[in-house]
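> Contents of work.cif (mmCIF, N, CA and C atoms) are given next:
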data_target
loop_
_atom_site.label_atom_id
_atom_site.label_comp_id
_atom_site.auth_asym_id
_atom_site.auth_seq_id
_atom_site.Cartn_x
_atom_site.Cartn_y
_atom_site.Cartn_z
N GLU A 1 -10.27 -41.67 -9.33
CA GLU A 1 -9.75 -42.74 -8.49
C GLU A 1 -10.92 -43.59 -7.99
N GLY A 2 -10.75 -44.89 -8.01
CA GLY A 2 -11.80 -45.77 -7.53
C GLY A 2 -13.01 -45.81 -8.44
N GLY A 3 -12.88 -45.37 -9.69
CA GLY A 3 -13.98 -45.40 -10.64
C GLY A 3 -15.00 -44.29 -10.48
N LEU A 4 -14.74 -43.33 -9.61
CA LEU A 4 -15.67 -42.22 -9.40
C LEU A 4 -15.47 -41.16 -10.49
N PRO A 5 -16.54 -40.47 -10.90
CA PRO A 5 -16.40 -39.41 -11.90
C PRO A 5 -15.63 -38.22 -11.32
N VAL A 6 -14.87 -37.56 -12.19
CA VAL A 6 -14.07 -36.41 -11.76
C VAL A 6 -14.51 -35.18 -12.57
N PRO A 7 -15.14 -34.21 -11.92
CA PRO A 7 -15.49 -32.98 -12.62
C PRO A 7 -14.26 -32.08 -12.78
N GLY A 8 -14.27 -31.23 -13.80
CA GLY A 8 -13.22 -30.24 -13.97
C GLY A 8 -11.95 -30.74 -14.63
N VAL A 9 -12.00 -31.90 -15.27
CA VAL A 9 -10.83 -32.39 -16.01
C VAL A 9 -10.84 -31.72 -17.39
N VAL A 10 -9.72 -31.14 -17.76
CA VAL A 10 -9.58 -30.54 -19.09
C VAL A 10 -9.09 -31.62 -20.03
N LEU A 11 -9.79 -31.79 -21.14
CA LEU A 11 -9.39 -32.76 -22.16
C LEU A 11 -9.11 -32.00 -23.45
N SER A 12 -7.96 -32.25 -24.04
CA SER A 12 -7.62 -31.59 -25.28
C SER A 12 -7.19 -32.61 -26.32
N ILE A 13 -7.38 -32.28 -27.59
CA ILE A 13 -6.98 -33.13 -28.68
C ILE A 13 -5.57 -32.73 -29.08
N GLU A 14 -4.65 -33.67 -29.01
CA GLU A 14 -3.25 -33.40 -29.33
C GLU A 14 -3.12 -32.83 -30.74
N GLY A 15 -2.34 -31.76 -30.86
CA GLY A 15 -2.08 -31.16 -32.17
C GLY A 15 -3.20 -30.28 -32.68
N SER A 16 -4.13 -29.90 -31.81
CA SER A 16 -5.23 -29.04 -32.24
C SER A 16 -5.57 -28.06 -31.13
N TYR A 17 -6.54 -27.21 -31.42
CA TYR A 17 -7.02 -26.27 -30.41
C TYR A 17 -8.33 -26.75 -29.78
N SER A 18 -8.75 -27.98 -30.11
CA SER A 18 -9.99 -28.52 -29.56
C SER A 18 -9.79 -28.94 -28.11
N ALA A 19 -10.67 -28.47 -27.25
CA ALA A 19 -10.60 -28.83 -25.83
C ALA A 19 -12.00 -28.77 -25.24
N THR A 20 -12.18 -29.50 -24.15
CA THR A 20 -13.44 -29.49 -23.42
C THR A 20 -13.14 -29.79 -21.96
N ILE A 21 -14.15 -29.75 -21.13
CA ILE A 21 -13.98 -30.00 -19.70
C ILE A 21 -15.08 -30.94 -19.22
N THR A 22 -14.77 -31.80 -18.28
CA THR A 22 -15.80 -32.72 -17.76
C THR A 22 -16.79 -31.96 -16.89
N ASP A 23 -18.04 -32.39 -16.95
CA ASP A 23 -19.08 -31.77 -16.13
C ASP A 23 -19.10 -32.40 -14.74
N HIS A 24 -20.11 -32.08 -13.94
CA HIS A 24 -20.18 -32.57 -12.56
C HIS A 24 -20.36 -34.09 -12.49
N THR A 25 -20.73 -34.72 -13.59
CA THR A 25 -20.87 -36.19 -13.61
C THR A 25 -19.68 -36.86 -14.27
N GLY A 26 -18.65 -36.06 -14.62
CA GLY A 26 -17.45 -36.62 -15.26
C GLY A 26 -17.58 -36.83 -16.75
N LYS A 27 -18.68 -36.38 -17.35
CA LYS A 27 -18.91 -36.59 -18.78
C LYS A 27 -18.34 -35.43 -19.59
N PHE A 28 -17.94 -35.75 -20.82
CA PHE A 28 -17.42 -34.74 -21.72
C PHE A 28 -17.83 -35.08 -23.15
N ARG A 29 -17.67 -34.09 -24.04
CA ARG A 29 -18.05 -34.29 -25.44
C ARG A 29 -17.21 -33.38 -26.33
N PHE A 30 -16.74 -33.94 -27.43
CA PHE A 30 -16.08 -33.16 -28.48
C PHE A 30 -17.02 -33.15 -29.69
N GLU A 31 -17.05 -32.06 -30.39
CA GLU A 31 -17.88 -31.94 -31.59
C GLU A 31 -17.03 -32.01 -32.86
N ARG A 32 -17.50 -32.75 -33.86
CA ARG A 32 -16.93 -32.78 -35.21
C ARG A 32 -15.42 -32.99 -35.25
N LEU A 33 -14.96 -34.09 -34.73
CA LEU A 33 -13.53 -34.39 -34.82
C LEU A 33 -13.25 -35.13 -36.13
N PRO A 34 -12.27 -34.68 -36.89
CA PRO A 34 -11.95 -35.34 -38.15
C PRO A 34 -11.08 -36.59 -37.90
N GLY A 35 -11.05 -37.47 -38.87
CA GLY A 35 -10.17 -38.63 -38.79
C GLY A 35 -10.82 -39.84 -38.15
N LYS A 36 -10.02 -40.89 -38.01
CA LYS A 36 -10.52 -42.15 -37.46
C LYS A 36 -10.10 -42.37 -36.01
N GLU A 37 -9.16 -41.55 -35.52
CA GLU A 37 -8.76 -41.63 -34.13
C GLU A 37 -8.21 -40.29 -33.66
N ALA A 38 -8.17 -40.12 -32.35
CA ALA A 38 -7.66 -38.87 -31.77
C ALA A 38 -6.89 -39.19 -30.50
N ASN A 39 -5.81 -38.46 -30.29
CA ASN A 39 -5.05 -38.56 -29.04
C ASN A 39 -5.61 -37.52 -28.09
N ILE A 40 -6.16 -37.98 -26.97
CA ILE A 40 -6.77 -37.10 -25.98
C ILE A 40 -5.83 -36.98 -24.80
N ILE A 41 -5.56 -35.75 -24.40
CA ILE A 41 -4.67 -35.48 -23.26
C ILE A 41 -5.51 -34.90 -22.13
N THR A 42 -5.40 -35.50 -20.94
CA THR A 42 -6.15 -35.04 -19.78
C THR A 42 -5.27 -34.15 -18.90
N SER A 43 -5.90 -33.23 -18.20
CA SER A 43 -5.18 -32.35 -17.29
C SER A 43 -6.09 -31.99 -16.11
N HIS A 44 -5.59 -32.20 -14.89
CA HIS A 44 -6.32 -31.85 -13.67
C HIS A 44 -5.28 -31.68 -12.57
N ILE A 45 -5.47 -30.72 -11.69
CA ILE A 45 -4.49 -30.43 -10.65
C ILE A 45 -4.25 -31.61 -9.71
N ALA A 46 -5.25 -32.45 -9.49
CA ALA A 46 -5.12 -33.54 -8.53
C ALA A 46 -4.73 -34.88 -9.16
N PHE A 47 -4.60 -34.91 -10.51
CA PHE A 47 -4.30 -36.17 -11.18
C PHE A 47 -3.15 -36.00 -12.17
N GLU A 48 -2.45 -37.11 -12.41
CA GLU A 48 -1.37 -37.11 -13.39
C GLU A 48 -1.94 -36.88 -14.79
N GLN A 49 -1.17 -36.20 -15.63
CA GLN A 49 -1.57 -36.02 -17.01
C GLN A 49 -1.57 -37.39 -17.69
N LYS A 50 -2.53 -37.59 -18.59
CA LYS A 50 -2.63 -38.88 -19.28
C LYS A 50 -2.96 -38.64 -20.74
N LYS A 51 -2.39 -39.48 -21.60
CA LYS A 51 -2.69 -39.42 -23.03
C LYS A 51 -3.27 -40.75 -23.45
N VAL A 52 -4.45 -40.72 -24.09
CA VAL A 52 -5.09 -41.94 -24.58
C VAL A 52 -5.47 -41.74 -26.04
N THR A 53 -5.45 -42.82 -26.79
CA THR A 53 -5.88 -42.80 -28.18
C THR A 53 -7.28 -43.38 -28.25
N ALA A 54 -8.20 -42.64 -28.86
CA ALA A 54 -9.59 -43.07 -28.97
C ALA A 54 -9.98 -43.21 -30.43
N ALA A 55 -10.67 -44.29 -30.76
CA ALA A 55 -11.23 -44.46 -32.10
C ALA A 55 -12.40 -43.50 -32.26
N LEU A 56 -12.57 -42.97 -33.46
CA LEU A 56 -13.67 -42.04 -33.73
C LEU A 56 -14.66 -42.66 -34.70
N PRO A 57 -15.94 -42.46 -34.54
CA PRO A 57 -16.54 -41.84 -33.34
C PRO A 57 -16.49 -42.80 -32.17
N SER A 58 -16.55 -42.28 -30.97
CA SER A 58 -16.46 -43.09 -29.76
C SER A 58 -17.54 -42.67 -28.77
N GLU A 59 -18.30 -43.62 -28.28
CA GLU A 59 -19.33 -43.35 -27.28
C GLU A 59 -18.94 -44.02 -25.97
N GLY A 60 -19.14 -43.34 -24.87
CA GLY A 60 -18.92 -43.96 -23.56
C GLY A 60 -17.46 -44.21 -23.23
N LEU A 61 -16.55 -43.41 -23.76
CA LEU A 61 -15.12 -43.57 -23.46
C LEU A 61 -14.87 -43.29 -21.98
N ARG A 62 -14.19 -44.21 -21.30
CA ARG A 62 -13.84 -44.02 -19.89
C ARG A 62 -12.32 -43.92 -19.80
N ILE A 63 -11.85 -42.93 -19.07
CA ILE A 63 -10.42 -42.72 -18.89
C ILE A 63 -10.12 -42.78 -17.40
N ALA A 64 -9.31 -43.75 -17.00
CA ALA A 64 -8.93 -43.88 -15.59
C ALA A 64 -7.74 -42.96 -15.31
N LEU A 65 -7.87 -42.15 -14.27
CA LEU A 65 -6.81 -41.21 -13.90
C LEU A 65 -6.08 -41.69 -12.65
N SER A 66 -4.80 -41.32 -12.56
CA SER A 66 -3.98 -41.67 -11.39
C SER A 66 -3.76 -40.42 -10.54
N PRO A 67 -3.96 -40.53 -9.24
CA PRO A 67 -3.77 -39.37 -8.36
C PRO A 67 -2.34 -38.83 -8.44
N LYS A 68 -2.22 -37.52 -8.36
CA LYS A 68 -0.91 -36.86 -8.36
C LYS A 68 -0.45 -36.72 -6.92
N THR A 69 0.80 -37.01 -6.68
CA THR A 69 1.36 -36.89 -5.34
C THR A 69 2.25 -35.65 -5.27
N TYR A 70 2.01 -34.84 -4.27
CA TYR A 70 2.82 -33.65 -4.04
C TYR A 70 3.66 -33.87 -2.79
N LEU A 71 4.95 -33.66 -2.91
CA LEU A 71 5.84 -33.77 -1.75
C LEU A 71 6.31 -32.38 -1.38
N SER A 72 6.19 -32.05 -0.12
CA SER A 72 6.61 -30.73 0.33
C SER A 72 7.13 -30.83 1.76
N GLU A 73 7.64 -29.73 2.22
CA GLU A 73 8.11 -29.65 3.59
C GLU A 73 6.92 -29.56 4.54
N GLU A 74 7.18 -29.85 5.80
CA GLU A 74 6.14 -29.75 6.81
C GLU A 74 5.69 -28.30 6.95
N VAL A 75 4.40 -28.11 7.14
CA VAL A 75 3.84 -26.77 7.32
C VAL A 75 3.19 -26.70 8.69
N ASN A 76 3.54 -25.67 9.47
CA ASN A 76 2.92 -25.45 10.76
C ASN A 76 2.00 -24.25 10.67
N ILE A 77 0.79 -24.41 11.15
CA ILE A 77 -0.18 -23.33 11.13
C ILE A 77 -0.58 -23.03 12.57
N SER A 78 -0.53 -21.74 12.93
CA SER A 78 -0.96 -21.36 14.28
C SER A 78 -1.89 -20.16 14.16
N ALA A 79 -2.72 -20.01 15.17
CA ALA A 79 -3.67 -18.91 15.17
C ALA A 79 -3.82 -18.38 16.58
N THR A 80 -4.22 -17.13 16.67
CA THR A 80 -4.50 -16.51 17.95
C THR A 80 -5.94 -16.03 17.92
N ARG A 81 -6.66 -16.39 18.94
CA ARG A 81 -8.06 -15.97 19.01
C ARG A 81 -8.13 -14.51 19.41
N ALA A 82 -8.93 -13.75 18.68
CA ALA A 82 -9.08 -12.33 18.96
C ALA A 82 -9.90 -12.17 20.24
N GLY A 83 -9.47 -11.26 21.10
CA GLY A 83 -10.19 -11.01 22.35
C GLY A 83 -11.33 -10.03 22.15
N MET A 84 -12.02 -9.74 23.23
CA MET A 84 -13.17 -8.82 23.20
C MET A 84 -12.76 -7.41 22.79
N ARG A 85 -11.53 -7.02 23.06
CA ARG A 85 -11.08 -5.66 22.76
C ARG A 85 -10.33 -5.59 21.44
N SER A 86 -10.36 -6.62 20.71
CA SER A 86 -9.66 -6.70 19.44
C SER A 86 -10.33 -5.83 18.38
N ALA A 87 -9.56 -5.35 17.44
CA ALA A 87 -10.08 -4.56 16.33
C ALA A 87 -10.96 -5.39 15.42
N TYR A 88 -10.82 -6.71 15.49
CA TYR A 88 -11.60 -7.59 14.63
C TYR A 88 -12.91 -8.01 15.26
N HIS A 89 -13.20 -7.60 16.43
CA HIS A 89 -14.42 -8.02 17.10
C HIS A 89 -15.53 -7.06 16.87
#
Using C-alpha coordinates, write down the structure from this file.


Amino acid sequence: EGGLPVPGVVLSIEGSYSATITDHTGKFRFERLPGKEANIITSHIAFEQKKVTAALPSEGLRIALSPKTYLSEEVNISATRAGMRSAYH
(Lines of atoms letter the chains of each structure in order from A and count residues from 1; the text may use other names and numbers.)
(Lines give C-alpha, C1' and ligand atoms only; values in the text may rest on other atoms or scores of the structure.)
Protein backbone atom coordinates (compact mmCIF):
# COMPACT_ATOMS: atom_id res chain seq x y z
CA GLU A 1 0.00 0.00 0.00
CA GLY A 2 1.31 3.45 -0.84
CA GLY A 3 4.16 1.98 -2.90
CA LEU A 4 5.98 0.56 0.13
CA PRO A 5 7.66 -2.86 -0.15
CA VAL A 6 5.84 -5.75 1.51
CA PRO A 7 7.91 -8.60 2.99
CA GLY A 8 6.42 -12.08 3.31
CA VAL A 9 4.26 -12.11 0.18
CA VAL A 10 4.02 -15.60 -1.31
CA LEU A 11 4.19 -15.59 -5.10
CA SER A 12 3.34 -18.70 -7.08
CA ILE A 13 3.26 -19.52 -10.78
CA GLU A 14 -0.24 -20.60 -11.80
CA GLY A 15 -0.40 -24.25 -12.86
CA SER A 16 2.98 -25.18 -11.38
CA TYR A 17 4.70 -25.92 -8.11
CA SER A 18 7.04 -22.91 -8.47
CA ALA A 19 6.75 -20.45 -5.61
CA THR A 20 8.85 -17.87 -3.80
CA ILE A 21 8.47 -15.27 -1.07
CA THR A 22 9.38 -11.58 -0.95
CA ASP A 23 12.32 -10.60 1.22
CA HIS A 24 12.47 -7.71 3.71
CA THR A 25 12.83 -5.25 0.80
CA GLY A 26 9.84 -6.68 -1.09
CA LYS A 27 12.03 -8.29 -3.76
CA PHE A 28 11.52 -11.77 -5.17
CA ARG A 29 13.03 -14.03 -7.82
CA PHE A 30 11.98 -17.11 -9.77
CA GLU A 31 14.59 -19.35 -11.38
CA ARG A 32 14.35 -20.93 -14.86
CA LEU A 33 10.75 -20.28 -15.82
CA PRO A 34 9.82 -21.78 -19.20
CA GLY A 35 7.76 -19.97 -21.83
CA LYS A 36 7.27 -16.35 -22.80
CA GLU A 37 4.92 -15.36 -19.99
CA ALA A 38 3.75 -16.51 -16.57
CA ASN A 39 0.67 -15.90 -14.45
CA ILE A 40 1.86 -14.93 -10.98
CA ILE A 41 -0.53 -15.23 -8.04
CA THR A 42 0.19 -13.28 -4.84
CA SER A 43 -0.89 -14.27 -1.35
CA HIS A 44 -0.53 -12.37 1.95
CA ILE A 45 -2.75 -12.28 5.04
CA ALA A 46 -3.08 -8.48 4.96
CA PHE A 47 -3.67 -8.07 1.20
CA GLU A 48 -6.14 -9.28 -1.40
CA GLN A 49 -4.98 -12.11 -3.63
CA LYS A 50 -3.89 -10.84 -7.04
CA LYS A 51 -3.07 -12.48 -10.36
CA VAL A 52 -0.78 -10.73 -12.87
CA THR A 53 0.65 -11.85 -16.18
CA ALA A 54 4.36 -11.14 -16.63
CA ALA A 55 6.42 -11.37 -19.81
CA LEU A 56 9.50 -13.58 -19.46
CA PRO A 57 12.21 -12.80 -18.76
CA SER A 58 11.15 -9.84 -16.63
CA GLU A 59 13.33 -7.54 -14.53
CA GLY A 60 12.01 -5.10 -11.94
CA LEU A 61 8.38 -6.30 -11.99
CA ARG A 62 6.29 -4.29 -9.52
CA ILE A 63 2.96 -5.63 -8.27
CA ALA A 64 0.62 -3.24 -6.45
CA LEU A 65 -1.40 -4.96 -3.71
CA SER A 66 -4.75 -3.90 -2.24
CA PRO A 67 -5.29 -4.10 1.53
CA LYS A 68 -7.67 -6.81 2.74
CA THR A 69 -10.54 -5.68 4.93
CA TYR A 70 -11.75 -7.89 7.75
CA LEU A 71 -15.18 -7.28 9.23
CA SER A 72 -15.94 -8.73 12.62
CA GLU A 73 -17.95 -8.15 15.73
CA GLU A 74 -16.78 -5.80 18.44
CA VAL A 75 -14.23 -7.30 20.82
CA ASN A 76 -13.91 -6.20 24.45
CA ILE A 77 -10.69 -6.90 26.29
CA SER A 78 -10.36 -6.52 30.04
CA ALA A 79 -7.57 -7.29 32.46
CA THR A 80 -7.03 -7.44 36.19
CA ARG A 81 -3.77 -6.39 37.69
CA ALA A 82 -2.23 -9.05 39.89
CA GLY A 83 -1.72 -7.93 43.49
CA MET A 84 1.29 -8.45 45.74
CA ARG A 85 -0.15 -11.73 47.07
CA SER A 86 -0.94 -13.11 43.65
CA ALA A 87 0.48 -16.42 42.47
CA TYR A 88 1.87 -14.58 39.46
CA HIS A 89 3.98 -12.16 41.45

> Go through A:Leu4, A:Ala82, A:Val75, A:Val10 one by one, measure the shortest atom-to-atom distance of each to His44 (chain A) using all atoms listed in the file, and give the residue with the smallest value.

A:Val10

> Pull out every residue that the PyMOL selection byres ((chain A and resi 9) around 6.5) matches in the shown coordinates and put them as a list of chain:residue names.

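The output of the PyMOL selection byres ((chain A and resi 9) around 6.5) on this file is A:Val6, A:Pro7, A:Gly8, A:Val10, A:Leu11, A:Thr20, A:Ile21, A:Thr22, A:Asp23, A:Thr42, A:Ser43, A:His44.
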
> What is the distance, in Å and to one decimal place, between atom C of Asn39 (chain A) and atom N of Ser16 (chain A)?

8.6 Å

> Separation of atom N of Glu48 (chain A) and atom N of Thr69 (chain A), in Å?

6.6 Å

> Could you jot down the CA of Gly35 (chain A) to CA of Lys50 (chain A) separation for me, Å, one decimal place?

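These two atoms are separated by 20.9 Å.
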
> Which residue out of A:Gly3, A:Gln49, A:Glu14, A:Ala54 has the minimum interatomic distance to Glu37 (chain A) when all atoms listed in the file are used?

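Looking at the shortest contact to Glu37 (chain A), the residue is A:Ala54.
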
> Assign secondary structure with DSSP using the backbone only, and return the residues of chain A in strand (DSSP E) as a tab-separated table (two decimals) with N, CA and C atoms, in the frame of the given file.


chain	number	residue	atom	x	y	z
A	10	VAL	N	-9.72	-31.14	-17.76
A	10	VAL	CA	-9.58	-30.54	-19.09
A	10	VAL	C	-9.09	-31.62	-20.03
A	11	LEU	N	-9.79	-31.79	-21.14
A	11	LEU	CA	-9.39	-32.76	-22.16
A	11	LEU	C	-9.11	-32.00	-23.45
A	12	SER	N	-7.96	-32.25	-24.04
A	12	SER	CA	-7.62	-31.59	-25.28
A	12	SER	C	-7.19	-32.61	-26.32
A	13	ILE	N	-7.38	-32.28	-27.59
A	13	ILE	CA	-6.98	-33.13	-28.68
A	13	ILE	C	-5.57	-32.73	-29.08
A	19	ALA	N	-10.67	-28.47	-27.25
A	19	ALA	CA	-10.60	-28.83	-25.83
A	19	ALA	C	-12.00	-28.77	-25.24
A	20	THR	N	-12.18	-29.50	-24.15
A	20	THR	CA	-13.44	-29.49	-23.42
A	20	THR	C	-13.14	-29.79	-21.96
A	21	ILE	N	-14.15	-29.75	-21.13
A	21	ILE	CA	-13.98	-30.00	-19.70
A	21	ILE	C	-15.08	-30.94	-19.22
A	37	GLU	N	-9.16	-41.55	-35.52
A	37	GLU	CA	-8.76	-41.63	-34.13
A	37	GLU	C	-8.21	-40.29	-33.66
A	38	ALA	N	-8.17	-40.12	-32.35
A	38	ALA	CA	-7.66	-38.87	-31.77
A	38	ALA	C	-6.89	-39.19	-30.50
A	39	ASN	N	-5.81	-38.46	-30.29
A	39	ASN	CA	-5.05	-38.56	-29.04
A	39	ASN	C	-5.61	-37.52	-28.09
A	40	ILE	N	-6.16	-37.98	-26.97
A	40	ILE	CA	-6.77	-37.10	-25.98
A	40	ILE	C	-5.83	-36.98	-24.80
A	41	ILE	N	-5.56	-35.75	-24.40
A	41	ILE	CA	-4.67	-35.48	-23.26
A	41	ILE	C	-5.51	-34.90	-22.13
A	42	THR	N	-5.40	-35.50	-20.94
A	42	THR	CA	-6.15	-35.04	-19.78
A	42	THR	C	-5.27	-34.15	-18.90
A	43	SER	N	-5.90	-33.23	-18.20
A	43	SER	CA	-5.18	-32.35	-17.29
A	43	SER	C	-6.09	-31.99	-16.11
A	44	HIS	N	-5.59	-32.20	-14.89
A	44	HIS	CA	-6.32	-31.85	-13.67
A	44	HIS	C	-5.28	-31.68	-12.57
A	47	PHE	N	-4.60	-34.91	-10.51
A	47	PHE	CA	-4.30	-36.17	-11.18
A	47	PHE	C	-3.15	-36.00	-12.17
A	48	GLU	N	-2.45	-37.11	-12.41
A	48	GLU	CA	-1.37	-37.11	-13.39
A	48	GLU	C	-1.94	-36.88	-14.79
A	49	GLN	N	-1.17	-36.20	-15.63
A	49	GLN	CA	-1.57	-36.02	-17.01
A	49	GLN	C	-1.57	-37.39	-17.69
A	50	LYS	N	-2.53	-37.59	-18.59
A	50	LYS	CA	-2.63	-38.88	-19.28
A	50	LYS	C	-2.96	-38.64	-20.74
A	51	LYS	N	-2.39	-39.48	-21.60
A	51	LYS	CA	-2.69	-39.42	-23.03
A	51	LYS	C	-3.27	-40.75	-23.45
A	52	VAL	N	-4.45	-40.72	-24.09
A	52	VAL	CA	-5.09	-41.94	-24.58
A	52	VAL	C	-5.47	-41.74	-26.04
A	53	THR	N	-5.45	-42.82	-26.79
A	53	THR	CA	-5.88	-42.80	-28.18
A	53	THR	C	-7.28	-43.38	-28.25
A	54	ALA	N	-8.20	-42.64	-28.86
A	54	ALA	CA	-9.59	-43.07	-28.97
A	54	ALA	C	-9.98	-43.21	-30.43
A	55	ALA	N	-10.67	-44.29	-30.76
A	55	ALA	CA	-11.23	-44.46	-32.10
A	55	ALA	C	-12.40	-43.50	-32.26

> Written as an MDAnalysis selection string, what is the full residue list that the PyMOL selection byres ((chain A and resi 55) around 6.5) yields on the file shown?

chainID A and resid 36:38 53:54 56:58

> Given all atoms listed in the file as the basis, pick out the residue of A:Ile40, A:Leu71, A:Ala79, A:Glu31 nearest to Ser12 (chain A).

A:Ile40

> Would you compute an axis-aligned box for region 29-37 of chain A, covering every atom listed for it in the file with 6 Å of margin on each side, and report centre and edge lengths in Å to one decimal as AutoDock Vina command-line options?


--center_x -13.1 --center_y -37.2 --center_z -31.5 --size_x 21.8 --size_y 22.4 --size_z 26.8

> Using all atoms listed in the file, which protein or nucleic acid residues come within 6.5 Å of Phe47 (chain A)? Drop anything in the same chain fewer than 6 positions from it, and give the result as a VMD selection string.

chain A and resid 65 to 68

> Mind filling out region 28-46 of chain A with N, CA, C and O atoms and sending it as a CSV table (one decimal), in the frame of the given file?


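Here's the written file out_26.csv:
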chain,number,residue,atom,x,y,z
A,28,PHE,N,-17.9,-35.8,-20.8
A,28,PHE,CA,-17.4,-34.7,-21.7
A,28,PHE,C,-17.8,-35.1,-23.2
A,28,PHE,O,-18.3,-36.2,-23.4
A,29,ARG,N,-17.7,-34.1,-24.0
A,29,ARG,CA,-18.0,-34.3,-25.4
A,29,ARG,C,-17.2,-33.4,-26.3
A,29,ARG,O,-17.0,-32.2,-26.0
A,30,PHE,N,-16.7,-33.9,-27.4
A,30,PHE,CA,-16.1,-33.2,-28.5
A,30,PHE,C,-17.0,-33.2,-29.7
A,30,PHE,O,-17.7,-34.2,-30.0
A,31,GLU,N,-17.0,-32.1,-30.4
A,31,GLU,CA,-17.9,-31.9,-31.6
A,31,GLU,C,-17.0,-32.0,-32.9
A,31,GLU,O,-16.0,-31.4,-32.9
A,32,ARG,N,-17.5,-32.8,-33.9
A,32,ARG,CA,-16.9,-32.8,-35.2
A,32,ARG,C,-15.4,-33.0,-35.2
A,32,ARG,O,-14.7,-32.2,-35.8
A,33,LEU,N,-15.0,-34.1,-34.7
A,33,LEU,CA,-13.5,-34.4,-34.8
A,33,LEU,C,-13.2,-35.1,-36.1
A,33,LEU,O,-13.9,-36.1,-36.5
A,34,PRO,N,-12.3,-34.7,-36.9
A,34,PRO,CA,-12.0,-35.3,-38.2
A,34,PRO,C,-11.1,-36.6,-37.9
A,34,PRO,O,-10.5,-36.7,-36.8
A,35,GLY,N,-11.0,-37.5,-38.9
A,35,GLY,CA,-10.2,-38.6,-38.8
A,35,GLY,C,-10.8,-39.8,-38.2
A,35,GLY,O,-12.0,-39.8,-37.8
A,36,LYS,N,-10.0,-40.9,-38.0
A,36,LYS,CA,-10.5,-42.2,-37.5
A,36,LYS,C,-10.1,-42.4,-36.0
A,36,LYS,O,-10.6,-43.3,-35.4
A,37,GLU,N,-9.2,-41.6,-35.5
A,37,GLU,CA,-8.8,-41.6,-34.1
A,37,GLU,C,-8.2,-40.3,-33.7
A,37,GLU,O,-7.8,-39.4,-34.5
A,38,ALA,N,-8.2,-40.1,-32.4
A,38,ALA,CA,-7.7,-38.9,-31.8
A,38,ALA,C,-6.9,-39.2,-30.5
A,38,ALA,O,-7.3,-40.1,-29.8
A,39,ASN,N,-5.8,-38.5,-30.3
A,39,ASN,CA,-5.0,-38.6,-29.0
A,39,ASN,C,-5.6,-37.5,-28.1
A,39,ASN,O,-5.5,-36.3,-28.4
A,40,ILE,N,-6.2,-38.0,-27.0
A,40,ILE,CA,-6.8,-37.1,-26.0
A,40,ILE,C,-5.8,-37.0,-24.8
A,40,ILE,O,-5.4,-38.0,-24.3
A,41,ILE,N,-5.6,-35.8,-24.4
A,41,ILE,CA,-4.7,-35.5,-23.3
A,41,ILE,C,-5.5,-34.9,-22.1
A,41,ILE,O,-6.3,-33.9,-22.3
A,42,THR,N,-5.4,-35.5,-20.9
A,42,THR,CA,-6.2,-35.0,-19.8
A,42,THR,C,-5.3,-34.2,-18.9
A,42,THR,O,-4.1,-34.3,-18.9
A,43,SER,N,-5.9,-33.2,-18.2
A,43,SER,CA,-5.2,-32.4,-17.3
A,43,SER,C,-6.1,-32.0,-16.1
A,43,SER,O,-7.2,-31.6,-16.3
A,44,HIS,N,-5.6,-32.2,-14.9
A,44,HIS,CA,-6.3,-31.8,-13.7
A,44,HIS,C,-5.3,-31.7,-12.6
A,44,HIS,O,-4.3,-32.4,-12.5
A,45,ILE,N,-5.5,-30.7,-11.7
A,45,ILE,CA,-4.5,-30.4,-10.6
A,45,ILE,C,-4.2,-31.6,-9.7
A,45,ILE,O,-3.2,-31.8,-9.2
A,46,ALA,N,-5.2,-32.4,-9.5
A,46,ALA,CA,-5.1,-33.5,-8.5
A,46,ALA,C,-4.7,-34.9,-9.2
A,46,ALA,O,-4.5,-35.9,-8.4
